[in-house]
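First up is the structure itself, then whatever we jot down about it.
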Amino acid sequence: MKLACAALLLAALGCQFETPADGPSPTATTDGLGALAPEDSVIQDLLGQYTTVRLDADLSGLSDSTRRMIPHLIAAAEEMDDVFWVQAYGDRDSLLAGLSEPARRYAEINVGPWDRLDGNAPFLPGVGPKPAGSNLYPHDLTKEELLRVADLYPDRGLTSAYTLVRQTERGGLEGVPYHEAFADEHRRAAAHLRAAADLSENASFARYLRLRADALESDDYQASDLAWMDVRDNPLDLVIGPIETYEDGLAGYKSSHEAYVLVKDPAWSARLQRYAALLPALQRGLPVDDAYKAETPGTDADLGAYDVVYAAGEANAGSKTIAINLPNDEAVQLAKGSRRLQLKNAMRAKFDRILVPIADVLLAEDQRDLVTFDAFFGNTMFHEVAHGLGVKNVVGGAGTVREALQDRASALEEGKADVLGLYMVQQLIERGEWDEATLDEHYVTFMASVFRSVRFGASSAHGRANLVRFNFFRERGAIVPESTPDGEVWRVVPEQMGPAVEALARRILTLQGDGDYDAVDAFVRQYGRTDPSLARSLDRVAEAGVPVDVVFEQGTEVLGLDPAPPVR
């Protein structure tokens with residue numbers, strides 16, 4: 001339905017798909033009263049894919065000093081919005097100027113003129129395809145040319161996670177460090193982090209904030225990543241900086257800016273913490289040859305439940321996450337494990353407003369009651385835990401899996417975490433370590449979640465991972481279509497789910513360990529597709545008016561707090 005809407009919009013306005021040499025710059029036709037009416041009507045349909053969630057939280061248990069930190073953390077996060085606009089698109093003001101209010105709002109949600117729920121199809125007139133590397137590279141740069149020049153000039157930082165690649169006056173390529181390219185934004189964010197650190201009553205959190213401020217001004221993030229691993233008992237948390245590489249579809253090297261401001265739920269966090277200690281035993285039991293599970297996962301991982309009260313940058317673009325697994329630095333992971341943060345309020349909103357309505361449309365009627373929040377929470381939690389399983393380095397070779405698989409690394413890693421998370425649920429239920437939901441509830445809720453995440457589109461690593469899983473499981477008979485008077489529905493076949501989970505886990509772990517880019521590319525192309533029956537199912541969900549994802553109403557005003565005072 002979204003694709004049809006975008007096509008109608010573009011046809012109605014007679015646009016041409018042209019991208020200027022200096023970057024994409026749409027030219028919306030106006031009549032002095034805003035954009036043409038056909039644009040507004042179609043954009044309103046696109047906006048209808050999102051439902052608004054208010055990000056408030058109970059702050060009554062926080063000390064006055066801790067409450068005063070939150071506006072500073074939000075102010076630092078807001079700087080990540082400005083940076084991510086440059087990374088994803090370019091000049092925000094030139095895009096938004098002259099747009100009608102609906103078009104402007106949709107561009108703000110997508111951080112650019114490309115629909116992140118529709119494979120990055122343009123939704124404004126005069127806009128060409130989104131550059132593979134967003135605005136992180138020159139738009140006409142190919143991956144082959146990038147790697148060729150990077151091999152010739154390894155000291156230019158062209159493949160660093162923390163540089164923008166730009167053309168020099170002589171036509172060559174140079175890597176501009178983030179702390180130089182975004183010096184003003186980083187300086188302001190760092191000042192707010194230091195102001196928050198001065199108010200902190202927790203020494204570990206204050207140390208992390210100061211080190212993260214230093215990192216923004218130097219692009220050296222490892223010390224702050226290590227310090228963040230020690231933030232365990234603070235009522236607030238913050239994720240900020242250049243973190244994920246999803247926006248880099250050219251080569252998968254560049255990290256984009258984002259931020260989350262979080263309030264901890266101590267009761268739920270206490271329930272989760274004991275599962276990190278089980279990782280080594282689960283690693284040894286993985287259904288794969290020994291070489292692909294030889295690494296020992298860190299057991300110092302932290303599992304916690306939080307309410308997100310502010311999201312910025314990539315974290316607030318298009319579809320929103322419901323859990324966080326960080327840091328991404330493989331050396332830190334192997335030394336200290338990871339922290340897995342469940343965003344409970346965002347998770348509950350997606351379950352109630354999206355997942356249950358999808359199940360009511362697409363699942364066999366007698367299986368709909370098996371979709372439960374406890375299973376959804378468990379599947380999501382163990383997805384994040386499962387990021388710590390498998391291998392981080394190529395088996396028998398040099399370098400990390402992420403380096404070897406480049407732009408295919410993110411989708412495959414998300415697929416691994418999804419299927420290994422369900423594998424962990426199977427193992428833990430057998431061992432009597434998890435009894436919050438039955439195995440059938442986990443299976444059916446898992447497949448309902450696949451339908452939810454497939455709607456994020458092929459441009460999303462999570463969307464591609466779920467397409468792969470749906471097609472693989474369907475091929476193995478773990479989910480089958482059934483005809484009903486109301487249309488086709490899907491039935492989960494529990495006895496086929498276990499073998500399908502193990503087979504897909506084995507396939508993905510082997511692909512990662514081999515570090516074979518071409519094999520991964522072929523695998524994703526084979527299974528990462530939407531066939532007609534799946535497309536019909538997704539159309540039925542859209543016709544039922546089920547939102548695809550959420551947008552946040554957020555900020556200090558929502559929380560009943562005053563804005564942060566100025567800092568230097």
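By convention in this document, the chains of the structure tokens carry letters A, B, ... by their order, each chain's residues are numbered from 1, and ligands are numbered from 1 in the order they are shown.
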Residues within 12 Å of Leu278 (chain A), only C-alpha atoms, excluding chain neighbours under 5 positions, as a tab-separated table (two decimals) with N, CA and C atoms, in the first residue's frame:
chain	number	residue	atom	x	y	z
A	272	LEU	N	16.10	-10.07	35.14
A	272	LEU	CA	16.80	-10.45	33.92
A	272	LEU	C	18.27	-10.80	34.13
A	273	GLN	N	18.86	-10.29	35.18
A	273	GLN	CA	20.31	-10.27	35.27
A	273	GLN	C	20.96	-11.66	35.26
A	283	GLN	N	26.84	-21.12	24.43
A	283	GLN	CA	27.80	-21.06	23.31
A	283	GLN	C	28.31	-22.46	22.97
A	284	ARG	N	28.63	-23.25	23.99
A	284	ARG	CA	29.15	-24.60	23.74
A	284	ARG	C	28.10	-25.48	23.07
A	285	GLY	N	26.82	-25.20	23.30
A	285	GLY	CA	25.77	-26.04	22.74
A	285	GLY	C	25.26	-25.60	21.39
A	296	THR	N	35.02	-17.48	23.51
A	296	THR	CA	34.30	-17.52	24.79
A	296	THR	C	33.60	-16.18	25.01
A	297	PRO	N	32.29	-16.18	25.05
A	297	PRO	CA	31.59	-14.90	25.24
A	297	PRO	C	31.81	-14.35	26.64
A	298	GLY	N	31.84	-13.03	26.74
A	298	GLY	CA	31.98	-12.41	28.06
A	298	GLY	C	30.78	-12.71	28.93
A	299	THR	N	31.03	-12.98	30.20
A	299	THR	CA	29.93	-13.28	31.13
A	299	THR	C	29.58	-12.10	32.01
A	300	ASP	N	30.27	-10.98	31.77
A	300	ASP	CA	30.02	-9.79	32.59
A	300	ASP	C	28.95	-8.91	31.94
A	301	ALA	N	28.11	-9.54	31.12
A	301	ALA	CA	27.08	-8.77	30.43
A	301	ALA	C	26.02	-8.29	31.41
A	382	PHE	N	16.23	-12.16	24.54
A	382	PHE	CA	17.23	-13.15	24.15
A	382	PHE	C	17.81	-12.87	22.78
A	385	VAL	N	20.71	-10.83	23.89
A	385	VAL	CA	21.72	-11.69	24.51
A	385	VAL	C	22.47	-12.47	23.44
A	386	ALA	N	21.74	-12.92	22.42
A	386	ALA	CA	22.33	-13.78	21.38
A	386	ALA	C	23.35	-13.06	20.53
A	388	GLY	N	25.86	-11.86	21.64
A	388	GLY	CA	27.14	-12.25	22.23
A	388	GLY	C	27.59	-13.65	21.88
A	389	LEU	N	26.76	-14.42	21.18
A	389	LEU	CA	27.10	-15.80	20.82
A	389	LEU	C	27.70	-15.86	19.41
A	424	MET	N	17.96	-20.04	22.10
A	424	MET	CA	18.21	-19.94	23.53
A	424	MET	C	16.94	-20.21	24.33
A	425	VAL	N	15.81	-19.68	23.88
A	425	VAL	CA	14.54	-19.94	24.57
A	425	VAL	C	14.27	-21.44	24.62
A	427	GLN	N	16.43	-23.89	24.55
A	427	GLN	CA	17.36	-24.52	25.48
A	427	GLN	C	17.01	-24.21	26.95
A	428	LEU	N	16.67	-22.95	27.22
A	428	LEU	CA	16.39	-22.56	28.59
A	428	LEU	C	15.10	-23.19	29.12
A	431	ARG	N	15.85	-26.68	30.09
A	431	ARG	CA	16.64	-26.75	31.32
A	431	ARG	C	15.88	-26.23	32.54
A	433	GLU	N	15.08	-23.11	33.04
A	433	GLU	CA	15.61	-21.80	33.40
A	433	GLU	C	14.69	-20.65	33.00
A	434	TRP	N	13.66	-20.94	32.21
A	434	TRP	CA	12.75	-19.89	31.73
A	434	TRP	C	11.34	-20.45	31.70
Quiz item: Between CA of Asp329 (chain A) and CA of Thr400 (chain A), what is the spacing in Å?
Solution: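 Pair CA of Thr400 (chain A) / CA of Asp329 (chain A) returns 10.3 Å.
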Quiz item: Residues of region 321-566 of chain A in alpha helix (DSSP H) according to DSSP, as number ranges by chain?
Solution: A: 330-336, 344-350, 356-362, 373-386, 401-405, 409-430, 439-454, 461-475, 494-514, 517-527, 532-543, 556-559
Would you save the residues of that selection, restricted to C-alpha atoms, as a compact mmCIF listing (two decimals), in the first residue's frame?
# COMPACT_ATOMS: atom_id res chain seq x y z
CA GLU A 330 34.56 -6.46 19.36
CA ALA A 331 37.53 -6.01 21.71
CA VAL A 332 35.26 -4.59 24.40
CA GLN A 333 32.73 -7.38 23.87
CA LEU A 334 35.34 -10.09 24.26
CA ALA A 335 36.86 -8.40 27.31
CA LYS A 336 33.72 -7.36 29.18
CA LYS A 344 10.00 -1.65 28.07
CA ASN A 345 7.66 1.25 27.33
CA ALA A 346 8.43 1.17 23.58
CA MET A 347 8.07 -2.60 23.59
CA ARG A 348 4.69 -2.53 25.30
CA ALA A 349 3.41 0.12 22.89
CA LYS A 350 4.41 -1.93 19.86
CA VAL A 356 -1.70 -8.00 18.56
CA PRO A 357 -3.67 -6.38 15.70
CA ILE A 358 -1.36 -8.06 13.14
CA ALA A 359 -1.94 -11.44 14.79
CA ASP A 360 -5.70 -10.88 14.64
CA VAL A 361 -5.45 -10.38 10.87
CA LEU A 362 -2.80 -12.88 9.78
CA PHE A 373 3.70 -9.99 25.98
CA ASP A 374 5.86 -12.27 28.13
CA ALA A 375 6.90 -14.24 25.05
CA PHE A 376 7.47 -11.00 23.09
CA PHE A 377 9.61 -9.61 25.91
CA GLY A 378 11.55 -12.87 26.20
CA ASN A 379 12.16 -13.18 22.45
CA THR A 380 13.37 -9.58 22.33
CA MET A 381 15.59 -9.97 25.37
CA PHE A 382 17.23 -13.15 24.15
CA HIS A 383 17.71 -11.60 20.71
CA GLU A 384 19.96 -9.05 22.40
CA VAL A 385 21.72 -11.69 24.51
CA ALA A 386 22.33 -13.78 21.38
CA VAL A 401 33.25 -10.64 10.76
CA ARG A 402 32.00 -7.07 10.45
CA GLU A 403 35.03 -6.05 8.40
CA ALA A 404 34.74 -9.11 6.13
CA LEU A 405 31.01 -8.81 5.42
CA ALA A 409 27.18 -7.58 8.12
CA SER A 410 24.31 -5.79 9.87
CA ALA A 411 21.44 -7.73 8.29
CA LEU A 412 23.16 -11.07 8.89
CA GLU A 413 24.00 -10.17 12.49
CA GLU A 414 20.38 -9.21 13.17
CA GLY A 415 19.25 -12.49 11.60
CA LYS A 416 21.69 -14.39 13.80
CA ALA A 417 20.45 -12.69 16.94
CA ASP A 418 16.81 -13.38 16.09
CA VAL A 419 17.23 -17.08 15.41
CA LEU A 420 19.76 -17.71 18.19
CA GLY A 421 17.48 -15.85 20.61
CA LEU A 422 14.74 -18.36 19.83
CA TYR A 423 17.28 -21.20 20.05
CA MET A 424 18.21 -19.94 23.53
CA VAL A 425 14.54 -19.94 24.57
CA GLN A 426 14.28 -23.58 23.46
CA GLN A 427 17.36 -24.52 25.48
CA LEU A 428 16.39 -22.56 28.59
CA ILE A 429 12.86 -23.98 28.69
CA GLU A 430 14.30 -27.51 28.39
CA LEU A 439 7.51 -22.73 23.90
CA ASP A 440 4.43 -22.56 21.66
CA GLU A 441 3.80 -19.00 22.85
CA HIS A 442 7.38 -18.10 21.95
CA TYR A 443 7.09 -19.73 18.51
CA VAL A 444 3.79 -18.07 17.56
CA THR A 445 4.75 -14.69 19.01
CA PHE A 446 8.06 -14.93 17.17
CA MET A 447 6.36 -15.43 13.80
CA ALA A 448 3.86 -12.65 14.50
CA SER A 449 6.89 -10.44 15.19
CA VAL A 450 8.37 -11.45 11.83
CA PHE A 451 5.30 -10.00 10.09
CA ARG A 452 5.68 -6.85 12.18
CA SER A 453 9.34 -6.36 11.33
CA VAL A 454 9.06 -7.27 7.64
CA ALA A 461 18.68 -4.44 8.50
CA HIS A 462 15.91 -5.76 10.75
CA GLY A 463 13.45 -5.83 7.83
CA ARG A 464 15.86 -7.80 5.60
CA ALA A 465 16.67 -10.20 8.43
CA ASN A 466 13.00 -10.95 8.96
CA LEU A 467 12.37 -11.51 5.25
CA VAL A 468 15.19 -14.05 5.24
CA ARG A 469 13.76 -15.81 8.25
CA PHE A 470 10.18 -15.87 6.96
CA ASN A 471 11.19 -17.42 3.63
CA PHE A 472 13.58 -19.90 5.24
CA PHE A 473 10.98 -21.05 7.77
CA ARG A 474 8.30 -21.30 5.11
CA GLU A 475 10.63 -23.43 2.99
CA PRO A 494 5.53 -26.08 16.31
CA GLU A 495 7.05 -29.48 15.50
CA GLN A 496 8.84 -27.97 12.48
CA MET A 497 10.03 -24.83 14.26
CA GLY A 498 12.80 -26.51 16.29
CA PRO A 499 14.55 -28.10 13.27
CA ALA A 500 14.10 -24.89 11.24
CA VAL A 501 15.64 -22.79 14.01
CA GLU A 502 18.68 -25.07 14.26
CA ALA A 503 19.14 -25.21 10.47
CA LEU A 504 19.01 -21.43 10.08
CA ALA A 505 21.28 -20.88 13.09
CA ARG A 506 23.85 -23.28 11.60
CA ARG A 507 23.67 -21.56 8.22
CA ILE A 508 24.12 -18.03 9.56
CA LEU A 509 26.86 -18.90 12.06
CA THR A 510 28.82 -20.66 9.33
CA LEU A 511 28.41 -17.75 6.92
CA GLN A 512 29.66 -15.34 9.56
CA GLY A 513 32.60 -17.50 10.57
CA ASP A 514 33.66 -18.01 6.95
CA TYR A 517 30.96 -11.80 1.38
CA ASP A 518 29.76 -13.34 -1.90
CA ALA A 519 28.15 -16.30 -0.13
CA VAL A 520 26.33 -13.99 2.28
CA ASP A 521 25.21 -11.77 -0.56
CA ALA A 522 23.78 -14.77 -2.42
CA PHE A 523 22.04 -16.00 0.75
CA VAL A 524 20.40 -12.63 1.45
CA ARG A 525 19.34 -12.25 -2.18
CA GLN A 526 17.84 -15.76 -2.20
CA TYR A 527 15.78 -15.37 0.96
CA PRO A 532 3.16 -12.46 -3.80
CA SER A 533 1.54 -14.31 -0.89
CA LEU A 534 3.51 -12.34 1.69
CA ALA A 535 2.76 -9.11 -0.17
CA ARG A 536 -0.97 -9.92 -0.08
CA SER A 537 -0.76 -10.56 3.66
CA LEU A 538 0.99 -7.26 4.27
CA ASP A 539 -1.62 -5.47 2.15
CA ARG A 540 -4.37 -6.96 4.34
CA VAL A 541 -2.64 -5.63 7.44
CA ALA A 542 -2.36 -2.19 5.86
CA GLU A 543 -6.01 -2.26 4.79
CA THR A 556 11.53 17.95 28.71
CA GLU A 557 7.99 19.36 28.43
CA VAL A 558 6.52 15.84 28.17
CA LEU A 559 8.46 14.88 31.31
Quiz item: Which is closest to Ala315 (chain A) among A:Val261, A:Ile70, A:Leu47, A:Val176, if we use only C-alpha atoms?
Solution: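 Distance minimum relative to Ala315 (chain A) lands on A:Val261.
These are the residues of region 130-286 of chain A assigned strand (DSSP E or B) by DSSP from backbone coordinates: Thr163, Leu164, Val165, Arg166, Gln167, Leu173, Glu174, Gly175, Val176, Pro177, Leu236, Asp237, Leu238, Val239, Ile240, Gly241, Pro242, Ile243, Glu244, Ser256, His257, Glu258, Ala259, Tyr260, Val261, Leu262, Val263 and Lys264 of chain A.
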Those residues you just picked out, can you put them in a file as a tab-separated table (two decimals), in the first residue's frame with C-alpha atoms?
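Saved result, part_29.tsv, follows:
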chain	number	residue	atom	x	y	z
A	163	THR	CA	35.11	9.94	9.11
A	164	LEU	CA	33.09	11.50	6.32
A	165	VAL	CA	34.60	10.72	2.92
A	166	ARG	CA	34.80	13.85	0.79
A	167	GLN	CA	36.39	14.85	-2.50
A	173	LEU	CA	39.30	11.43	-1.61
A	174	GLU	CA	39.94	12.31	2.01
A	175	GLY	CA	38.47	11.23	5.30
A	176	VAL	CA	37.27	14.14	7.44
A	177	PRO	CA	37.18	13.10	11.13
A	236	LEU	CA	19.60	6.85	34.46
A	237	ASP	CA	21.50	5.75	31.41
A	238	LEU	CA	22.61	7.31	28.15
A	239	VAL	CA	23.66	5.95	24.79
A	240	ILE	CA	25.17	8.67	22.61
A	241	GLY	CA	27.54	9.15	19.68
A	242	PRO	CA	28.34	7.48	16.36
A	243	ILE	CA	27.30	3.88	16.94
A	244	GLU	CA	25.51	1.78	14.29
A	256	SER	CA	26.00	7.22	12.42
A	257	HIS	CA	25.05	9.46	15.32
A	258	GLU	CA	22.20	8.64	17.69
A	259	ALA	CA	21.19	8.90	21.33
A	260	TYR	CA	18.86	7.36	23.92
A	261	VAL	CA	18.08	8.86	27.31
A	262	LEU	CA	16.86	6.07	29.60
A	263	VAL	CA	15.27	5.62	33.04
A	264	LYS	CA	15.90	2.25	34.66
Quiz item: Near Val231 (chain A), within 7 Å and counting only C-alpha atoms, which residues show up once chain neighbours fewer than 3 positions away are dropped, as a ChimeraX atom specification?
Solution: /A:204-205,228,234
Near region 86-97 of chain A, 10 Å: region 268-323 of chain A residue rows, closest pairs, only C-alpha atoms, as a tab-separated table:
residue	atom	partner	partner_atom	distance
A:Gly313	CA	A:Ala88	CA	9.6
A:Glu314	CA	A:Ala88	CA	8.7
A:Ala317	CA	A:Ala88	CA	9.8
Only C-alpha atoms, please: the residues just picked out, written as a compact mmCIF listing (two decimals), in the first residue's frame.
# COMPACT_ATOMS: atom_id res chain seq x y z
CA GLY A 313 19.47 10.80 15.42
CA GLU A 314 19.41 7.38 13.79
CA ALA A 317 14.58 7.74 12.12
Practice problem: Could you give me, as JSON, numbers by chain, the residues within 9 Å of Val480 (chain A), counting only C-alpha atoms and dropping anything in the same chain fewer than 5 positions from it? | Solution: {"A": [474, 489, 490, 491, 492, 493]}
Just write the chosen residues, N, CA and C atoms, as a compact mmCIF listing (two decimals), in the first residue's frame.
# COMPACT_ATOMS: atom_id res chain seq x y z
N ARG A 474 9.36 -20.80 5.99
CA ARG A 474 8.30 -21.30 5.11
C ARG A 474 8.81 -22.46 4.26
N VAL A 489 -4.58 -16.92 5.91
CA VAL A 489 -3.92 -16.72 7.20
C VAL A 489 -2.74 -17.69 7.26
N TRP A 490 -1.95 -17.54 8.32
CA TRP A 490 -0.74 -18.36 8.46
C TRP A 490 -0.79 -19.15 9.76
N ARG A 491 -0.35 -20.41 9.69
CA ARG A 491 -0.31 -21.29 10.85
C ARG A 491 1.15 -21.65 11.16
N VAL A 492 1.53 -21.47 12.41
CA VAL A 492 2.84 -21.91 12.87
C VAL A 492 2.77 -23.40 13.18
N VAL A 493 3.77 -24.16 12.70
CA VAL A 493 3.82 -25.60 12.91
C VAL A 493 4.91 -25.87 13.95
